[in-house]
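Structure first, commentary second.
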Amino acid sequence: MTGFVPPPYPFDRLDDIAALAAKHDGGAVDLSIGTPCDPPPPEVMAALERPDLARTYPPSTGSLPLRTAMSEWLRRRLGVEADPVAQIAACVGTKEFVASVPQYLKLRDPSRDIILYPVVSYPTYAMGAILAGLRAVPYARLDDIKDADAKRALAVWVNSPANPTGELSDPAVAAAWGRDHDVLVLSDECYAEFTWAEPPTSVLREGTTGVLAVHSLSKRDNFAGARVGFYAGDAELIHYLREVRKHAGLMVPGPVQAAAIVALGDDEHVERQRERYLRRLQRLAELLSAVGYPATLPAGAFYLWVAAPDGDAWSATRELAERFGLIVSPGEFYGPASSGYFRVAAVQPDDKIELLAARAGLS
């Protein structure tokens, strides 16, 4: 019997590169995966110690206090309105949501069989479509999408600030395209508070009809291991997804919900994190440029998207590991169109970044 064979997980393909980097005195400096290195606020960690919340089943959609905190955060930080009762629901980290939502959309409308996603992007957009038995169709620009594909599309993914490039896009353009073509817009806004060129924004500023915004506490709160995020927008679709996800047993643990309320109510730690990421991006761009890999600051997110000098990102990845003990992500992970680039995540403490500087003779 033959069937679906999962491809190698992208970051598992870096094992040989990691072994090369680990040979350096002081070990590897891993800037491949965008996993936070800084601690969550102590008040957030303290909120996890609620035995009463660990004992009982938590609400699958998120408690009303949690959804209210999410609504208030959207209003305060992004300038948008979303009803916590009808237009917001929690998810078990946004990667889970990205990977699973296509199968639920397919059940809702079996007449369509395509998920549209950016040609250079987070790989789970395409994998979510594949896992649902749908066609994953990439696009370079929304205007380039063929009418035939738009007519068969269940949803279109947009991502700003974008992973891996850091580019910013206009949410008004995405919302208008979706409504003009009767295609649901799924807007991944997990890096919304990490913008360097423009103020943060959201597709929800264009209204909620036909759009969902997806947000995560992993990046803004250094809370990736807790697995909590949320989706907000079109009330009819929120209701549908809430109900089907209940049957799938998808629920954020109770203590994590309590901690998320605290995290969403505190903006000061996010401002400090913004300063850390910007400082690290600046230093990494300086270091890479000095050793022959010209790098510029992104418009948003905490990644450098760097062109490999000879167009071979795997060769550059190996060279950086051998010379400096640095692990980066080859652009191929983010689609075939990215094979000439590599991504550098500013997710190691300053002392680790300065270790790279010392190895390069630049300290």
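Following the order of the structure tokens, first chain is A, next is B, and so on, with residues numbered from 1 inside each chain and ligands from 1 in the order they appear.
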* Residues flagged strand (DSSP E or B) by DSSP in segment 50-267 of chain A, as a VMD selection string -> chain A and resid 88 to 91 114 to 118 135 to 139 153 to 159 184 to 188 195 211 to 216 229 to 233
Which residues of segment 94-136 of chain A have any atom within 6 Å of an atom in segment 326-334 of chain A when counting only C-alpha atoms, and what is the closest pair of atoms for each, with the distance in Å to one decimal? Order the rows by chain and rising number and write it as CSV.
residue,atom,partner,partner_atom,distance
A:Val120,CA,A:Tyr334,CA,5.5
A:Ser121,CA,A:Tyr334,CA,5.1
A:Tyr122,CA,A:Tyr334,CA,5.7
A:Pro123,CA,A:Tyr334,CA,5.6
Prev. selection, C-alpha atoms, output as a JSON list (two decimals), in the first residue's frame:
[["chain", "number", "residue", "atom", "x", "y", "z"],
["A", 120, "VAL", "CA", 8.36, 32.57, -0.22],
["A", 121, "SER", "CA", 6.85, 31.72, 3.14],
["A", 122, "TYR", "CA", 6.48, 29.69, 6.30],
["A", 123, "PRO", "CA", 6.35, 26.05, 5.10]]
* Asked: Between A:Gly34, A:Pro40, A:Gly207, A:Pro138, which one has atoms that come closest to Asn222 of chain A, using only C-alpha atoms?
  ->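 For Asn222 of chain A, the nearest of the given residues is A:Pro40.
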* To do: Apply DSSP to the structure's backbone, then extract all residues of segment 73-245 of chain A labelled alpha helix (DSSP H) and return them as a ChimeraX atom specification.
  => /A:73,94-108,124-131,147-151,171-181,217-220,235-245
* Structure fact -> atom CA of Leu284 of chain A to atom CA of Phe324 of chain A measures 12.7 Å
* So which residues touch Ala175 of chain A within 7 Å, counting only C-alpha atoms, skipping near sequence neighbours fewer than 5 positions away, as an NGL selection string? -> :A and (185 or 203 or 206 or 211)
Take the residues just selected and output them with N, CA and C atoms as an mmCIF file, in the first residue's frame.
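Output below, filename again.cif:
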data_model
loop_
_atom_site.group_PDB
_atom_site.id
_atom_site.type_symbol
_atom_site.label_atom_id
_atom_site.label_comp_id
_atom_site.auth_asym_id
_atom_site.auth_seq_id
_atom_site.Cartn_x
_atom_site.Cartn_y
_atom_site.Cartn_z
ATOM 1 N N VAL A 185 -9.580 35.316 3.613
ATOM 2 C CA VAL A 185 -8.216 35.786 3.847
ATOM 3 C C VAL A 185 -7.782 35.356 5.244
ATOM 4 N N VAL A 203 -5.142 43.124 9.419
ATOM 5 C CA VAL A 203 -6.171 43.038 8.396
ATOM 6 C C VAL A 203 -7.541 43.371 8.976
ATOM 7 N N GLU A 206 -9.664 46.470 8.294
ATOM 8 C CA GLU A 206 -10.478 46.570 7.079
ATOM 9 C C GLU A 206 -11.854 45.957 7.272
ATOM 10 N N VAL A 211 -12.461 37.640 6.725
ATOM 11 C CA VAL A 211 -11.041 37.639 7.106
ATOM 12 C C VAL A 211 -10.873 37.050 8.505
#
* Asked: Distance atom CA of Trp305 of chain A-atom CA of Ala18 of chain A, one decimal place?
  ->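 Result for atom CA of Trp305 of chain A versus atom CA of Ala18 of chain A: 19.8 Å, one decimal.
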As a compact mmCIF listing (two decimals) with C-alpha atoms, in the first residue's frame, please: the residues near Thr68 of chain A (cut-off 9 Å, only C-alpha atoms, same-chain neighbours under 4 positions excluded).
# COMPACT_ATOMS: atom_id res chain seq x y z
CA SER A 63 -12.04 31.45 28.85
CA LEU A 64 -14.02 34.68 28.59
CA GLU A 72 -8.33 44.52 24.64
CA TRP A 73 -4.87 43.79 23.27
CA ASP A 83 -16.03 41.07 20.11
CA PRO A 84 -14.56 38.63 22.67
CA VAL A 85 -17.77 36.60 22.71
CA ILE A 88 -12.22 35.56 19.04
CA ILE A 261 -4.10 36.92 30.39
* To do: Using only C-alpha atoms, determine which residues lie at most 10 Å from Leu105 of chain A, disregarding the query and same-chain residues fewer than 3 positions distant; provide the list as JSON, numbers by chain.
  => {"A": [100, 101, 102, 108, 109, 110, 112, 113, 115, 132, 154, 155, 184, 237, 240, 241]}
Using the selection just defined, write its residues with N, CA and C atoms as a PDB file, in the first residue's frame.
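The result, stored in out37.pdb:
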ATOM      1  N   SER A 100      -3.968  22.889  10.636  1.00  0.00           N
ATOM      2  CA  SER A 100      -5.247  22.166  10.702  1.00  0.00           C
ATOM      3  C   SER A 100      -6.415  22.883  10.055  1.00  0.00           C
ATOM      4  N   VAL A 101      -6.360  24.207   9.924  1.00  0.00           N
ATOM      5  CA  VAL A 101      -7.542  24.919   9.444  1.00  0.00           C
ATOM      6  C   VAL A 101      -7.940  24.529   8.018  1.00  0.00           C
ATOM      7  N   PRO A 102      -7.028  24.173   7.106  1.00  0.00           N
ATOM      8  CA  PRO A 102      -7.502  23.784   5.771  1.00  0.00           C
ATOM      9  C   PRO A 102      -8.446  22.587   5.779  1.00  0.00           C
ATOM     10  N   ARG A 108     -16.236  22.230   5.393  1.00  0.00           N
ATOM     11  CA  ARG A 108     -17.288  23.259   5.307  1.00  0.00           C
ATOM     12  C   ARG A 108     -17.707  23.504   3.861  1.00  0.00           C
ATOM     13  N   ASP A 109     -16.755  23.411   2.920  1.00  0.00           N
ATOM     14  CA  ASP A 109     -17.059  23.656   1.511  1.00  0.00           C
ATOM     15  C   ASP A 109     -16.262  22.685   0.639  1.00  0.00           C
ATOM     16  N   PRO A 110     -16.778  21.475   0.440  1.00  0.00           N
ATOM     17  CA  PRO A 110     -16.057  20.471  -0.353  1.00  0.00           C
ATOM     18  C   PRO A 110     -15.924  20.831  -1.828  1.00  0.00           C
ATOM     19  N   ARG A 112     -14.483  23.342  -3.112  1.00  0.00           N
ATOM     20  CA  ARG A 112     -13.218  24.025  -3.395  1.00  0.00           C
ATOM     21  C   ARG A 112     -12.055  23.171  -2.894  1.00  0.00           C
ATOM     22  N   ASP A 113     -10.907  23.286  -3.574  1.00  0.00           N
ATOM     23  CA  ASP A 113      -9.827  22.359  -3.252  1.00  0.00           C
ATOM     24  C   ASP A 113      -8.430  22.995  -3.284  1.00  0.00           C
ATOM     25  N   ILE A 115      -5.593  25.880  -1.488  1.00  0.00           N
ATOM     26  CA  ILE A 115      -5.133  26.867  -0.518  1.00  0.00           C
ATOM     27  C   ILE A 115      -4.025  27.669  -1.195  1.00  0.00           C
ATOM     28  N   ALA A 132      -4.503  18.199   4.327  1.00  0.00           N
ATOM     29  CA  ALA A 132      -5.957  18.180   4.141  1.00  0.00           C
ATOM     30  C   ALA A 132      -6.361  17.569   2.801  1.00  0.00           C
ATOM     31  N   LEU A 154     -10.210  27.833  -1.192  1.00  0.00           N
ATOM     32  CA  LEU A 154     -10.881  27.935   0.105  1.00  0.00           C
ATOM     33  C   LEU A 154     -10.380  29.134   0.882  1.00  0.00           C
ATOM     34  N   ALA A 155      -9.081  29.450   0.731  1.00  0.00           N
ATOM     35  CA  ALA A 155      -8.492  30.545   1.509  1.00  0.00           C
ATOM     36  C   ALA A 155      -7.183  30.967   0.866  1.00  0.00           C
ATOM     37  N   LEU A 184     -11.656  33.466   1.452  1.00  0.00           N
ATOM     38  CA  LEU A 184     -11.306  33.797   2.825  1.00  0.00           C
ATOM     39  C   LEU A 184      -9.844  34.219   2.914  1.00  0.00           C
ATOM     40  N   LEU A 237     -17.491  32.414  10.675  1.00  0.00           N
ATOM     41  CA  LEU A 237     -16.424  31.435  10.554  1.00  0.00           C
ATOM     42  C   LEU A 237     -15.825  31.085  11.918  1.00  0.00           C
ATOM     43  N   TYR A 240     -18.056  28.511  13.463  1.00  0.00           N
ATOM     44  CA  TYR A 240     -17.867  27.198  12.854  1.00  0.00           C
ATOM     45  C   TYR A 240     -16.584  26.538  13.365  1.00  0.00           C
ATOM     46  N   LEU A 241     -15.483  27.268  13.339  1.00  0.00           N
ATOM     47  CA  LEU A 241     -14.203  26.693  13.758  1.00  0.00           C
ATOM     48  C   LEU A 241     -14.200  26.346  15.240  1.00  0.00           C
TER      49      LEU A 241
END
* Leaving out Val92 of chain A and any residue of its chain fewer than 5 positions from it, which residues lie within 9 Å of it when counting only C-alpha atoms, given as a PyMOL selection string? -> chain A and resi 97+226-230+250-253
* To do: Skip Lys151 of chain A itself and residues of its chain fewer than 6 positions away, then list as a PyMOL selection string all residues within 8 Å of it, counting only C-alpha atoms.
  => chain A and resi 112+181-183
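Using only C-alpha atoms for every distance, the candidate list A:Gly166, A:Pro42, A:Pro200, A:Pro10 yields A:Pro200 as the residue closest to Arg76 of chain A.
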